[in-house]
$ cat entry09.cif   # mmCIF, C-alpha atoms (C1' of nucleotides)
data_protein
loop_
_atom_site.label_atom_id
_atom_site.label_comp_id
_atom_site.auth_asym_id
_atom_site.auth_seq_id
_atom_site.Cartn_x
_atom_site.Cartn_y
_atom_site.Cartn_z
CA MET D 1 41.53 40.02 -1.70
CA SER D 2 42.80 38.20 -4.76
CA PRO D 3 40.37 37.04 -7.45
CA LYS D 4 41.17 33.49 -6.50
CA SER D 5 40.26 33.90 -2.84
CA ALA D 6 37.08 35.68 -3.88
CA LEU D 7 36.21 32.62 -5.90
CA MET D 8 36.92 30.35 -2.97
CA ALA D 9 34.86 32.56 -0.70
CA LYS D 10 32.03 32.36 -3.14
CA SER D 11 32.15 28.59 -3.26
CA GLU D 12 32.09 28.44 0.51
CA PRO D 13 28.29 28.68 0.95
CA ILE D 14 27.86 25.66 -1.32
CA GLN D 15 29.89 23.55 1.08
CA SER D 16 28.14 24.83 4.16
CA GLU D 17 24.84 24.35 2.40
CA ALA D 18 25.37 20.62 2.13
CA SER D 19 26.35 20.19 5.75
CA ALA D 20 23.46 22.41 6.83
CA ARG D 21 20.85 20.22 5.16
CA PRO D 22 19.93 18.14 8.23
CA THR D 23 19.44 21.30 10.27
CA LEU D 24 17.39 23.05 7.58
CA LEU D 25 15.28 19.95 7.20
CA LEU D 26 14.50 19.64 10.92
CA ALA D 27 13.78 23.37 11.21
CA TRP D 28 11.30 23.06 8.34
CA TYR D 29 9.72 20.01 9.95
CA ASP D 30 9.25 21.82 13.23
CA ARG D 31 7.19 24.47 11.43
CA HIS D 32 5.36 22.39 8.82
CA ARG D 33 4.98 18.84 10.07
CA ARG D 34 1.65 17.18 9.36
CA ARG D 35 -0.49 16.22 12.33
CA LEU D 36 -1.33 12.56 11.88
CA PRO D 37 -3.18 10.19 14.23
CA TRP D 38 -0.21 7.88 14.69
CA ARG D 39 2.36 10.61 15.31
CA ALA D 40 3.35 11.61 18.82
CA MET D 41 3.05 15.27 19.69
CA PRO D 42 6.36 17.16 19.67
CA GLY D 43 8.35 16.04 22.68
CA GLU D 44 6.16 13.01 23.35
CA THR D 45 7.53 9.50 23.00
CA SER D 46 5.86 7.56 20.24
CA ASP D 47 4.12 4.27 20.89
CA PRO D 48 5.90 1.48 18.96
CA TYR D 49 2.58 -0.33 18.47
CA ARG D 50 0.99 2.65 16.77
CA VAL D 51 4.10 3.34 14.73
CA TRP D 52 4.26 -0.26 13.57
CA LEU D 53 0.54 -0.48 12.79
CA SER D 54 0.61 2.75 10.81
CA GLU D 55 3.75 1.78 8.91
CA ILE D 56 2.23 -1.52 7.81
CA MET D 57 -0.99 0.17 6.71
CA LEU D 58 0.90 2.90 4.88
CA GLN D 59 2.84 0.47 2.71
CA GLN D 60 1.86 1.52 -0.83
CA THR D 61 -1.24 3.16 0.61
CA THR D 62 -2.19 6.81 0.95
CA VAL D 63 -2.45 8.64 4.28
CA LYS D 64 -6.07 9.44 3.50
CA ALA D 65 -7.04 5.81 2.95
CA VAL D 66 -5.26 4.65 6.10
CA GLY D 67 -6.83 7.17 8.51
CA PRO D 68 -10.17 5.46 9.23
CA TYR D 69 -8.60 1.98 9.29
CA PHE D 70 -5.98 3.05 11.79
CA GLU D 71 -8.65 4.50 14.08
CA LYS D 72 -10.78 1.36 13.83
CA PHE D 73 -7.84 -0.89 14.63
CA VAL D 74 -6.54 1.00 17.67
CA ALA D 75 -10.08 1.36 19.03
CA ARG D 76 -10.66 -2.39 18.85
CA TRP D 77 -7.12 -3.54 19.60
CA PRO D 78 -5.38 -0.90 21.75
CA ASP D 79 -2.10 -2.76 22.05
CA VAL D 80 -0.12 -5.51 20.38
CA THR D 81 -1.15 -8.25 22.82
CA ALA D 82 -4.82 -7.48 22.17
CA LEU D 83 -4.20 -7.82 18.45
CA GLY D 84 -2.25 -11.01 19.11
CA ARG D 85 -5.28 -12.53 20.81
CA ALA D 86 -7.61 -11.70 17.90
CA SER D 87 -8.43 -14.27 15.21
CA GLN D 88 -6.87 -13.82 11.81
CA ASP D 89 -10.35 -13.75 10.35
CA ASP D 90 -11.37 -10.80 12.53
CA VAL D 91 -8.25 -8.97 11.40
CA LEU D 92 -8.98 -9.70 7.74
CA ARG D 93 -12.55 -8.50 8.13
CA MET D 94 -11.32 -5.27 9.67
CA TRP D 95 -8.77 -4.87 6.88
CA ALA D 96 -11.22 -5.50 4.04
CA GLY D 97 -11.07 -2.72 1.45
CA LEU D 98 -7.56 -1.56 2.28
CA GLY D 99 -5.83 -3.89 -0.19
CA TYR D 100 -2.64 -5.98 -0.19
CA TYR D 101 -4.17 -8.55 2.13
CA SER D 102 -0.94 -10.38 2.88
CA ARG D 103 -0.21 -7.33 5.01
CA ALA D 104 -3.19 -8.20 7.22
CA ARG D 105 -2.11 -11.82 7.58
CA ASN D 106 1.44 -10.75 8.39
CA LEU D 107 0.18 -8.07 10.77
CA HIS D 108 -1.62 -10.70 12.78
CA ALA D 109 1.32 -13.13 12.63
CA CYS D 110 3.62 -10.33 13.79
CA ALA D 111 1.36 -9.43 16.72
CA VAL D 112 1.31 -13.08 17.75
CA ALA D 113 5.11 -13.29 17.50
CA VAL D 114 5.68 -10.11 19.51
CA THR D 115 3.21 -11.29 22.14
CA ARG D 116 4.53 -14.83 22.50
CA GLU D 117 8.23 -14.50 21.67
CA HIS D 118 9.00 -10.99 22.88
CA GLY D 119 6.70 -10.68 25.88
CA GLY D 120 4.51 -8.15 24.12
CA VAL D 121 7.40 -5.72 23.60
CA PHE D 122 8.64 -4.79 20.14
CA PRO D 123 12.35 -5.34 19.43
CA ASP D 124 14.12 -1.95 19.40
CA THR D 125 16.73 -2.69 16.74
CA GLU D 126 16.45 -2.82 12.97
CA GLU D 127 17.73 -6.36 12.93
CA GLY D 128 15.22 -7.54 15.52
CA LEU D 129 12.35 -5.83 13.74
CA ARG D 130 13.44 -7.11 10.33
CA ALA D 131 12.99 -10.68 11.54
CA LEU D 132 9.26 -10.18 12.11
CA PRO D 133 6.63 -11.03 9.47
CA GLY D 134 5.65 -8.16 7.19
CA ILE D 135 8.59 -6.00 8.26
CA GLY D 136 11.10 -5.41 5.47
CA PRO D 137 14.09 -3.07 5.19
CA TYR D 138 12.03 0.10 4.96
CA THR D 139 9.62 -0.65 7.80
CA ALA D 140 12.36 -1.91 10.12
CA ALA D 141 14.32 1.30 9.65
CA ALA D 142 11.21 3.45 9.98
CA ILE D 143 10.14 1.88 13.28
CA ALA D 144 13.69 1.91 14.63
CA ALA D 145 14.07 5.60 13.82
CA ILE D 146 10.59 6.86 14.71
CA ALA D 147 9.75 4.70 17.72
CA PHE D 148 13.23 4.07 19.15
CA ASP D 149 15.23 7.03 17.86
CA ARG D 150 17.83 4.82 16.24
CA ARG D 151 20.08 6.78 13.87
CA THR D 152 19.00 5.20 10.61
CA MET D 153 17.25 6.49 7.50
CA PRO D 154 14.33 4.52 6.05
CA VAL D 155 13.95 5.03 2.31
CA ASP D 156 10.47 4.95 0.85
CA GLY D 157 9.10 6.21 -2.44
CA ASN D 158 8.96 9.80 -1.21
CA ILE D 159 12.53 9.81 0.00
CA GLU D 160 13.71 8.15 -3.20
CA ARG D 161 12.18 11.01 -5.14
CA VAL D 162 13.53 13.79 -2.89
CA VAL D 163 17.03 12.34 -2.78
CA SER D 164 17.22 11.46 -6.46
CA ARG D 165 16.38 15.09 -7.26
CA LEU D 166 18.63 16.62 -4.65
CA PHE D 167 21.61 14.73 -6.07
CA ALA D 168 20.35 14.31 -9.64
CA VAL D 169 20.81 10.54 -9.48
CA GLU D 170 21.00 9.34 -13.08
CA GLU D 171 20.90 5.63 -12.34
CA GLU D 172 17.48 4.03 -12.78
CA LEU D 173 15.40 2.50 -10.01
CA PRO D 174 15.46 -0.07 -8.59
CA GLN D 175 19.18 -0.45 -9.32
CA ALA D 176 19.82 2.95 -7.74
CA LYS D 177 18.45 1.90 -4.34
CA PRO D 178 21.81 1.35 -2.62
CA LEU D 179 23.16 4.69 -3.86
CA ILE D 180 20.01 6.52 -2.79
CA GLN D 181 20.14 4.84 0.61
CA GLN D 182 23.70 6.08 1.06
CA LEU D 183 22.86 9.62 -0.05
CA ALA D 184 19.73 9.71 2.11
CA ALA D 185 21.80 8.89 5.18
CA THR D 186 23.74 12.14 4.68
CA LEU D 187 20.53 13.97 5.59
CA LEU D 188 20.60 12.60 9.14
CA ALA D 189 21.78 15.04 11.77
CA ASP D 190 24.89 14.07 13.70
CA ALA D 191 24.29 12.56 17.11
CA ARG D 192 25.16 15.20 19.65
CA ALA D 193 27.80 14.46 22.26
CA GLY D 194 26.30 13.49 25.59
CA ASP D 195 22.98 12.94 23.86
CA GLU D 196 22.42 9.81 21.84
CA THR D 197 19.52 11.23 19.92
CA SER D 198 19.80 12.71 16.48
CA ARG D 199 16.08 13.09 15.80
CA ALA D 200 16.44 10.42 13.12
CA GLY D 201 12.70 9.72 13.15
CA ASP D 202 11.94 13.39 12.62
CA SER D 203 14.46 13.59 9.78
CA ALA D 204 12.78 10.66 8.06
CA GLN D 205 9.29 12.00 8.57
CA ALA D 206 10.47 15.43 7.43
CA LEU D 207 11.63 13.97 4.12
CA MET D 208 8.35 12.09 3.73
CA ASP D 209 6.33 15.22 4.43
CA LEU D 210 8.53 17.12 2.01
CA GLY D 211 7.93 14.49 -0.65
CA ALA D 212 4.19 14.46 0.00
CA SER D 213 3.60 18.20 0.07
CA ILE D 214 6.42 19.97 -1.79
CA CYS D 215 8.71 17.62 -3.70
CA THR D 216 5.72 15.99 -5.40
CA PRO D 217 5.98 13.72 -8.45
CA LYS D 218 4.60 16.42 -10.75
CA LYS D 219 5.05 20.17 -10.48
CA PRO D 220 7.09 20.24 -7.28
CA ALA D 221 6.88 23.52 -5.35
CA CYS D 222 10.62 24.09 -5.27
CA SER D 223 10.30 27.70 -4.14
CA LEU D 224 8.92 26.46 -0.81
CA CYS D 225 11.53 23.77 -0.29
CA PRO D 226 14.01 24.19 2.58
CA LEU D 227 16.64 22.30 0.56
CA ASN D 228 16.15 24.10 -2.74
CA GLU D 229 19.49 25.92 -2.76
CA GLY D 230 21.49 22.74 -2.77
CA CYS D 231 19.25 20.83 -5.15
CA THR D 232 21.10 19.71 -8.28
CA ALA D 233 18.02 18.81 -10.31
CA ARG D 234 16.43 22.17 -9.58
CA ALA D 235 19.59 23.95 -10.66
CA LEU D 236 19.31 22.07 -13.95
CA ALA D 237 15.52 22.56 -14.14
CA THR D 238 15.07 18.80 -14.48
CA GLN D 239 13.21 18.12 -11.22
CA GLU D 240 10.28 16.35 -12.81
CA THR D 241 12.48 13.87 -14.66
CA PHE D 242 13.61 12.25 -11.39
CA PRO D 243 13.65 9.58 -10.17
CA ARG D 244 14.74 7.77 -13.31
CA LYS D 245 12.93 4.50 -13.85
CA ALA D 246 12.21 2.10 -16.68
CA PRO D 247 8.57 2.16 -17.88
CA LYS D 248 6.60 -0.80 -16.64
CA LYS D 249 4.40 -2.98 -18.79
CA SER D 250 0.74 -3.41 -18.00
CA GLY D 251 -0.70 -6.92 -17.86
CA THR D 252 -3.03 -8.63 -20.30
CA LEU D 253 -6.76 -8.52 -19.83
CA ARG D 254 -8.15 -11.60 -18.07
CA ARG D 255 -11.76 -12.71 -18.20
CA GLY D 256 -13.95 -14.84 -16.00
CA ALA D 257 -17.43 -15.40 -14.63
CA ALA D 258 -18.88 -14.83 -11.17
CA PHE D 259 -21.94 -16.65 -9.84
CA VAL D 260 -24.23 -14.89 -7.42
CA VAL D 261 -26.59 -17.39 -5.84
CA THR D 262 -29.19 -16.18 -3.34
CA ARG D 263 -31.34 -18.22 -0.96
CA GLY D 264 -33.88 -15.77 0.37
CA GLY D 265 -31.86 -13.06 2.05
CA GLU D 266 -28.65 -15.09 1.95
CA LEU D 267 -25.73 -15.27 -0.44
CA LEU D 268 -23.52 -18.23 -1.37
CA VAL D 269 -19.83 -17.52 -0.69
CA ARG D 270 -16.53 -19.26 -0.15
CA SER D 271 -13.04 -18.34 1.03
CA ARG D 272 -10.10 -17.97 -1.33
CA PRO D 273 -6.93 -20.00 -0.74
CA GLU D 274 -4.64 -18.60 1.98
CA LYS D 275 -1.90 -17.57 -0.40
CA GLY D 276 -1.87 -15.66 -3.63
CA LEU D 277 -4.27 -13.15 -5.10
CA LEU D 278 -6.78 -11.91 -2.49
CA GLY D 279 -5.54 -14.69 -0.21
CA GLY D 280 -7.94 -15.68 2.56
CA MET D 281 -10.60 -13.22 1.45
CA THR D 282 -14.27 -14.04 0.84
CA GLU D 283 -15.66 -14.33 -2.68
CA VAL D 284 -18.71 -15.56 -4.52
CA PRO D 285 -18.01 -18.73 -6.51
CA GLY D 286 -16.46 -18.02 -9.88
CA SER D 287 -14.50 -19.39 -12.79
CA ASP D 288 -10.75 -19.10 -13.29
CA TRP D 289 -9.58 -15.70 -14.46
CA LEU D 290 -7.68 -16.32 -17.69
CA ALA D 291 -6.43 -14.27 -20.61
CA GLY D 292 -8.56 -14.84 -23.68
CA GLN D 293 -11.12 -17.02 -21.90
CA GLU D 294 -14.53 -17.26 -23.60
CA ASP D 295 -17.66 -16.55 -21.61
CA ALA D 296 -19.06 -19.98 -22.42
CA THR D 297 -15.98 -21.68 -21.01
CA ALA D 298 -16.16 -19.65 -17.85
CA LYS D 299 -19.84 -20.41 -17.38
CA GLN D 300 -19.14 -24.15 -17.31
CA GLN D 301 -17.48 -23.61 -13.96
CA ALA D 302 -20.75 -22.62 -12.28
CA PRO D 303 -21.30 -24.26 -8.88
CA ASP D 304 -23.46 -27.38 -8.97
CA LEU D 305 -26.46 -27.05 -6.67
CA LYS D 306 -29.75 -28.87 -6.67
CA GLY D 307 -32.95 -26.83 -6.54
CA LEU D 308 -31.54 -23.92 -8.45
CA SER D 309 -33.53 -21.64 -10.77
CA ARG D 310 -32.22 -20.94 -14.27
CA TRP D 311 -28.98 -18.93 -14.50
CA GLN D 312 -29.58 -15.38 -15.59
CA ARG D 313 -26.78 -13.35 -17.08
CA LYS D 314 -26.72 -9.75 -15.96
CA VAL D 315 -26.33 -7.09 -18.62
CA GLY D 316 -22.83 -5.67 -18.89
CA VAL D 317 -19.61 -6.71 -17.16
CA VAL D 318 -17.74 -5.87 -13.99
CA THR D 319 -14.28 -4.48 -14.60
CA HIS D 320 -11.50 -4.22 -12.09
CA VAL D 321 -7.84 -3.35 -12.42
CA PHE D 322 -5.26 -5.11 -10.29
CA THR D 323 -1.64 -4.03 -10.10
CA HIS D 324 -0.58 -6.50 -12.72
CA PHE D 325 -3.65 -7.20 -14.82
CA PRO D 326 -7.09 -5.84 -15.71
CA LEU D 327 -10.07 -8.13 -15.10
CA GLU D 328 -13.47 -8.42 -16.78
CA LEU D 329 -16.16 -10.53 -15.13
CA VAL D 330 -19.54 -11.55 -16.47
CA VAL D 331 -22.07 -12.07 -13.71
CA TYR D 332 -24.70 -14.80 -13.50
CA THR D 333 -27.43 -14.94 -10.89
CA ALA D 334 -29.70 -17.73 -9.73
CA LYS D 335 -32.07 -18.34 -6.85
CA ALA D 336 -31.87 -21.39 -4.63
CA GLU D 337 -34.85 -22.97 -2.88
CA ALA D 338 -35.10 -22.65 0.89
CA ARG D 339 -32.86 -25.09 2.76
CA THR D 340 -30.69 -25.78 -0.30
CA ARG D 341 -27.37 -27.13 0.99
CA ALA D 342 -24.22 -25.17 0.24
CA PRO D 343 -21.72 -27.22 -1.83
CA GLU D 344 -18.52 -28.45 -0.18
CA GLY D 345 -16.34 -25.53 0.90
CA MET D 346 -19.06 -22.94 0.52
CA ARG D 347 -21.49 -21.32 2.94
CA TRP D 348 -24.52 -19.06 3.13
CA VAL D 349 -24.17 -15.60 4.65
CA PRO D 350 -26.94 -13.06 5.26
CA ILE D 351 -26.76 -10.27 2.71
CA ALA D 352 -27.41 -7.82 5.54
CA THR D 353 -24.06 -8.69 7.13
CA LEU D 354 -21.94 -8.48 3.98
CA ALA D 355 -20.48 -5.16 5.09
CA GLY D 356 -18.68 -7.02 7.88
CA GLU D 357 -17.36 -9.79 5.62
CA ALA D 358 -13.77 -9.95 4.37
CA LEU D 359 -14.90 -8.98 0.89
CA PRO D 360 -12.36 -7.40 -1.46
CA ASN D 361 -13.64 -4.53 -3.57
CA VAL D 362 -13.85 -6.55 -6.76
CA MET D 363 -16.39 -8.81 -5.02
CA ARG D 364 -18.35 -5.85 -3.73
CA LYS D 365 -18.58 -4.65 -7.32
CA VAL D 366 -19.79 -8.09 -8.45
CA ILE D 367 -22.50 -8.27 -5.81
CA ALA D 368 -23.67 -4.71 -6.46
CA HIS D 369 -23.84 -5.54 -10.17
CA ALA D 370 -25.76 -8.74 -9.52
CA LEU D 371 -28.33 -7.11 -7.28
CA ASP D 372 -28.84 -4.13 -9.59
CA PRO D 373 -32.39 -4.53 -11.01
CA SER D 374 -31.64 -2.23 -13.94
CA ARG D 375 -29.24 -4.87 -15.22
CA ALA D 376 -31.81 -7.64 -15.42
CA PRO D 377 -31.53 -9.61 -18.66
CA PRO D 378 -34.08 -8.88 -21.40
CA SER D 379 -37.13 -11.15 -21.01
"C1'" DA Z 1 15.99 -10.04 -9.72
"C1'" DA Z 2 11.70 -9.87 -11.33
"C1'" DT Z 3 7.20 -10.58 -10.37
"C1'" DG Z 4 2.86 -10.87 -7.66
"C1'" DC Z 5 0.09 -8.46 -4.70
"C1'" DG Z 6 -5.45 -3.89 -4.08
"C1'" DT Z 7 -7.35 0.12 -4.04
"C1'" DG Z 8 -8.27 4.96 -4.60
"C1'" DG Z 9 -6.70 9.46 -6.06
"C1'" DT Z 10 -4.49 12.68 -9.53
"C1'" DT Z 11 -3.30 14.41 -13.73
"C1'" DT X 1 -8.64 8.76 -20.04
"C1'" DA X 2 -4.89 5.97 -19.55
"C1'" DA X 3 -1.02 6.17 -16.86
"C1'" DC X 4 0.95 6.93 -12.85
"C1'" DC X 5 1.45 6.96 -8.11
"C1'" DA X 6 1.04 5.92 -2.68
"C1'" DA X 7 5.22 5.46 4.28
"C1'" DG X 8 6.94 -2.12 0.36
"C1'" DC X 9 7.17 -7.12 1.31
"C1'" DA X 10 7.74 -11.96 0.08
"C1'" DT X 11 9.44 -15.21 -2.85
#
$ encode --input "entry09.cif" --output "structure tokens"
Amino acid sequence: MSPKSALMAKSEPIQSEASARPTLLLAWYDRHRRRLPWRAMPGETSDPYRVWLSEIMLQQTTVKAVGPYFEKFVARWPDVTALGRASQDDVLRMWAGLGYYSRARNLHACAVAVTREHGGVFPDTEEGLRALPGIGPYTAAAIAAIAFDRRTMPVDGNIERVVSRLFAVEEELPQAKPLIQQLAATLLADARAGDETSRAGDSAQALMDLGASICTPKKPACSLCPLNEGCTARALATQETFPRKAPKKSGTLRRGAAFVVTRGGELLVRSRPEKGLLGGMTEVPGSDWLAGQEDATAKQQAPDLKGLSRWQRKVGVVTHVFTHFPLELVVYTAKAEARTRAPEGMRWVPIATLAGEALPNVMRKVIAHALDPSRAPPS
DNA sequence: AATGCGTGGTT
DNA sequence: TAACCAAGCAT
């Protein structure tokens, strides 16, 4: 054997390594897949409704946080037509606490559309799914692959990380998305002749499980990875530097005031506008939330009720951090006389039933702060 | 294309 | 602890 052919022979495993990736990945998945409530057992067909519901809930949300919500939803609404018959308000109440509330509005709108325009049956193509509210490129591909075994590769944050490391993608996100999409598709197994399936859904879920448990953002466990031999970043010992992305700027602090008015065992609330921040959710009346706003300015926006006791400012502030800005709220309380009318657009709700209201967490913090006796103002 | 949109967990 | 991250979508 000549030195040259020895060299070629040595390079051979590298080539076969790349083409073996889909097989290695599926073999790993068969041994290490996570058992999750919305996943079908091996060999079982998955229910498109459950796949869809879980995919919507999992958008930018951890598996752990989704678990209880998923169980609550399927128990109350076992199929898409049941959800389509529900009121949007019931859906929002059930969603409260999970965040990104436009997902809940779109979830309901999607259930209505599937029920009325598709006879209660989900479209089984990416294109058909993509046309539904709340379903974007990722979710359409995920449902198509997982629920309908279409040969397509959804790319989420996990898969972006795994693929950008595997191929040492130097381009920054989000510009690198098309390239990563293309590279990710090379991890799909070929469709076998005489058998349309390629286990595309399993390949996608395998990459997500890999990203969640092994190819983690920090300190990835490369020694346990089924794809480690062909991983370019690992070979260069630069795993943790991928994916490349520009640092993002944090928003400016905004301030405001919240007004907690009680009438016996009831609380004065209103609903936020349908669109925008916390759209459609319940809140106590409050001022605008503005950068650099003075407390005195915010207080001028207190609701105007007759028969109200003096406003009392609670000690301290409520802080909350949204994706794009931090918020600081001062909290004022007052008591209303029995039978005081709620101002236009507001209503009284029993404090005992607040748990079932569509209250975002920031409002739960405000109410807890307001009702905390240790924060009573100095007398 | 860049920005707005929640919340909880990890490091 | 401040920063980052988590199965993205709509506009």
$ closest_atom_pairs --input "entry09.cif" --of "chain D" --to "chain X" --cutoff "8 Å" --atoms "only C-alpha atoms (C1' of nucleotides)" --output "Markdown table"
| residue | atom | partner | partner_atom | distance |
| --- | --- | --- | --- | --- |
| D:Glu55 | CA | X:DA7 | C1' | 6.1 |
| D:Leu58 | CA | X:DA7 | C1' | 5.1 |
| D:Gln59 | CA | X:DG8 | C1' | 5.4 |
| D:Gln60 | CA | X:DA6 | C1' | 4.8 |
| D:Thr61 | CA | X:DA6 | C1' | 4.9 |
| D:Thr62 | CA | X:DA6 | C1' | 4.9 |
| D:Gly134 | CA | X:DC9 | C1' | 6.2 |
| D:Ile135 | CA | X:DC9 | C1' | 7.2 |
| D:Gly136 | CA | X:DC9 | C1' | 6.0 |
| D:Tyr138 | CA | X:DG8 | C1' | 7.2 |
| D:Asp156 | CA | X:DA7 | C1' | 6.3 |
| D:Gly157 | CA | X:DA7 | C1' | 7.8 |
| D:Asn158 | CA | X:DA7 | C1' | 7.9 |
| D:Met208 | CA | X:DA7 | C1' | 7.4 |
$ write_last_selection --input "entry09.cif" --atoms "C-alpha atoms" --output "PDB file, in the coordinates of the input"
ATOM      1  CA  GLU D  55       3.750   1.780   8.910  1.00  0.00           C
ATOM      2  CA  LEU D  58       0.900   2.900   4.880  1.00  0.00           C
ATOM      3  CA  GLN D  59       2.840   0.470   2.710  1.00  0.00           C
ATOM      4  CA  GLN D  60       1.860   1.520  -0.830  1.00  0.00           C
ATOM      5  CA  THR D  61      -1.240   3.160   0.610  1.00  0.00           C
ATOM      6  CA  THR D  62      -2.190   6.810   0.950  1.00  0.00           C
ATOM      7  CA  GLY D 134       5.650  -8.160   7.190  1.00  0.00           C
ATOM      8  CA  ILE D 135       8.590  -6.000   8.260  1.00  0.00           C
ATOM      9  CA  GLY D 136      11.100  -5.410   5.470  1.00  0.00           C
ATOM     10  CA  TYR D 138      12.030   0.100   4.960  1.00  0.00           C
ATOM     11  CA  ASP D 156      10.470   4.950   0.850  1.00  0.00           C
ATOM     12  CA  GLY D 157       9.100   6.210  -2.440  1.00  0.00           C
ATOM     13  CA  ASN D 158       8.960   9.800  -1.210  1.00  0.00           C
ATOM     14  CA  MET D 208       8.350  12.090   3.730  1.00  0.00           C
TER      15      MET D 208
END
$ closest_atom_pairs --input "entry09.cif" --of "chain D" --to "chain Z" --cutoff "9 Å" --atoms "all atoms listed in the file" --output "JSON lines"
{"residue": "D:Thr61", "atom": "CA", "partner": "Z:DT7", "partner_atom": "C1'", "distance": 8.3}
{"residue": "D:Thr62", "atom": "CA", "partner": "Z:DG8", "partner_atom": "C1'", "distance": 8.4}
{"residue": "D:Ala65", "atom": "CA", "partner": "Z:DG8", "partner_atom": "C1'", "distance": 7.7}
{"residue": "D:Gly97", "atom": "CA", "partner": "Z:DT7", "partner_atom": "C1'", "distance": 7.2}
{"residue": "D:Leu98", "atom": "CA", "partner": "Z:DT7", "partner_atom": "C1'", "distance": 6.5}
{"residue": "D:Gly99", "atom": "CA", "partner": "Z:DG6", "partner_atom": "C1'", "distance": 3.9}
{"residue": "D:Tyr100", "atom": "CA", "partner": "Z:DG6", "partner_atom": "C1'", "distance": 5.2}
{"residue": "D:Tyr101", "atom": "CA", "partner": "Z:DG6", "partner_atom": "C1'", "distance": 7.9}
{"residue": "D:Ser102", "atom": "CA", "partner": "Z:DC5", "partner_atom": "C1'", "distance": 7.9}
{"residue": "D:Lys218", "atom": "CA", "partner": "Z:DT11", "partner_atom": "C1'", "distance": 8.7}
{"residue": "D:Gly276", "atom": "CA", "partner": "Z:DC5", "partner_atom": "C1'", "distance": 7.5}
{"residue": "D:Leu277", "atom": "CA", "partner": "Z:DC5", "partner_atom": "C1'", "distance": 6.4}
{"residue": "D:Leu278", "atom": "CA", "partner": "Z:DC5", "partner_atom": "C1'", "distance": 8.0}
{"residue": "D:Val321", "atom": "CA", "partner": "Z:DG6", "partner_atom": "C1'", "distance": 8.7}
{"residue": "D:Phe322", "atom": "CA", "partner": "Z:DG6", "partner_atom": "C1'", "distance": 6.3}
{"residue": "D:Thr323", "atom": "CA", "partner": "Z:DG6", "partner_atom": "C1'", "distance": 7.1}
{"residue": "D:His324", "atom": "CA", "partner": "Z:DG4", "partner_atom": "C1'", "distance": 7.5}
{"residue": "D:Pro360", "atom": "CA", "partner": "Z:DG6", "partner_atom": "C1'", "distance": 8.2}
{"residue": "D:Asn361", "atom": "CA", "partner": "Z:DT7", "partner_atom": "C1'", "distance": 7.8}
$ resolve_selection --input "entry09.cif" --expression "the PyMOL selection byres ((chain D and resi 338-344) around 12)" --output "compact mmCIF listing (two decimals) with C-alpha atoms, keeping the file's coordinate frame"
# COMPACT_ATOMS: atom_id res chain seq x y z
CA VAL D 261 -26.59 -17.39 -5.84
CA THR D 262 -29.19 -16.18 -3.34
CA ARG D 263 -31.34 -18.22 -0.96
CA GLY D 264 -33.88 -15.77 0.37
CA GLY D 265 -31.86 -13.06 2.05
CA GLU D 266 -28.65 -15.09 1.95
CA LEU D 267 -25.73 -15.27 -0.44
CA LEU D 268 -23.52 -18.23 -1.37
CA VAL D 269 -19.83 -17.52 -0.69
CA ARG D 270 -16.53 -19.26 -0.15
CA SER D 271 -13.04 -18.34 1.03
CA PRO D 285 -18.01 -18.73 -6.51
CA ALA D 302 -20.75 -22.62 -12.28
CA PRO D 303 -21.30 -24.26 -8.88
CA ASP D 304 -23.46 -27.38 -8.97
CA LEU D 305 -26.46 -27.05 -6.67
CA LYS D 306 -29.75 -28.87 -6.67
CA GLY D 307 -32.95 -26.83 -6.54
CA LEU D 308 -31.54 -23.92 -8.45
CA SER D 309 -33.53 -21.64 -10.77
CA LYS D 335 -32.07 -18.34 -6.85
CA ALA D 336 -31.87 -21.39 -4.63
CA GLU D 337 -34.85 -22.97 -2.88
CA GLY D 345 -16.34 -25.53 0.90
CA MET D 346 -19.06 -22.94 0.52
CA ARG D 347 -21.49 -21.32 2.94
CA TRP D 348 -24.52 -19.06 3.13
CA VAL D 349 -24.17 -15.60 4.65
$ resolve_selection --input "entry09.cif" --expression "the PyMOL selection byres ((chain D and resi 230-236) around 8)" --output "ChimeraX atom specification"
/D:14,17-18,165-168,222,227-229,237-239,242
$ atom_distance --input "entry09.cif" --atom1 "atom CA of Lys245 of chain D" --atom2 "atom CA of Ile180 of chain D"
13.3 Å
$ atom_distance --input "entry09.cif" --atom1 "atom CA of Gly119 of chain D" --atom2 "atom CA of Asp149 of chain D"
21.2 Å
$ atom_distance --input "entry09.cif" --atom1 "atom CA of Phe325 of chain D" --atom2 "atom CA of Thr139 of chain D"
27.0 Å
$ axis_aligned_box --input "entry09.cif" --around "segment 1-9 of chain X" --padding-each-side "8 Å" --output "lines of an AutoDock Vina configuration file"
center_x = -0.7
center_y = 0.8
center_z = -7.9
size_x = 31.8
size_y = 31.9
size_z = 40.3
$ resolve_selection --input "entry09.cif" --expression "the PyMOL selection byres ((chain D and resi 29) around 9)" --output "list in words"
Leu24, Leu25, Leu26, Ala27, Trp28, Asp30, Arg31, His32, Arg33, Arg34, Asp202, Ser203, Gln205, Ala206, Leu207, Asp209 and Leu210 of chain D
$ write_last_selection --input "entry09.cif" --atoms "C-alpha atoms" --output "short mmCIF file (atom, residue, chain, number, x, y, z; two decimals), keeping the file's coordinate frame"
data_model
loop_
_atom_site.label_atom_id
_atom_site.label_comp_id
_atom_site.auth_asym_id
_atom_site.auth_seq_id
_atom_site.Cartn_x
_atom_site.Cartn_y
_atom_site.Cartn_z
CA LEU D 24 17.39 23.05 7.58
CA LEU D 25 15.28 19.95 7.20
CA LEU D 26 14.50 19.64 10.92
CA ALA D 27 13.78 23.37 11.21
CA TRP D 28 11.30 23.06 8.34
CA ASP D 30 9.25 21.82 13.23
CA ARG D 31 7.19 24.47 11.43
CA HIS D 32 5.36 22.39 8.82
CA ARG D 33 4.98 18.84 10.07
CA ARG D 34 1.65 17.18 9.36
CA ASP D 202 11.94 13.39 12.62
CA SER D 203 14.46 13.59 9.78
CA GLN D 205 9.29 12.00 8.57
CA ALA D 206 10.47 15.43 7.43
CA LEU D 207 11.63 13.97 4.12
CA ASP D 209 6.33 15.22 4.43
CA LEU D 210 8.53 17.12 2.01
#
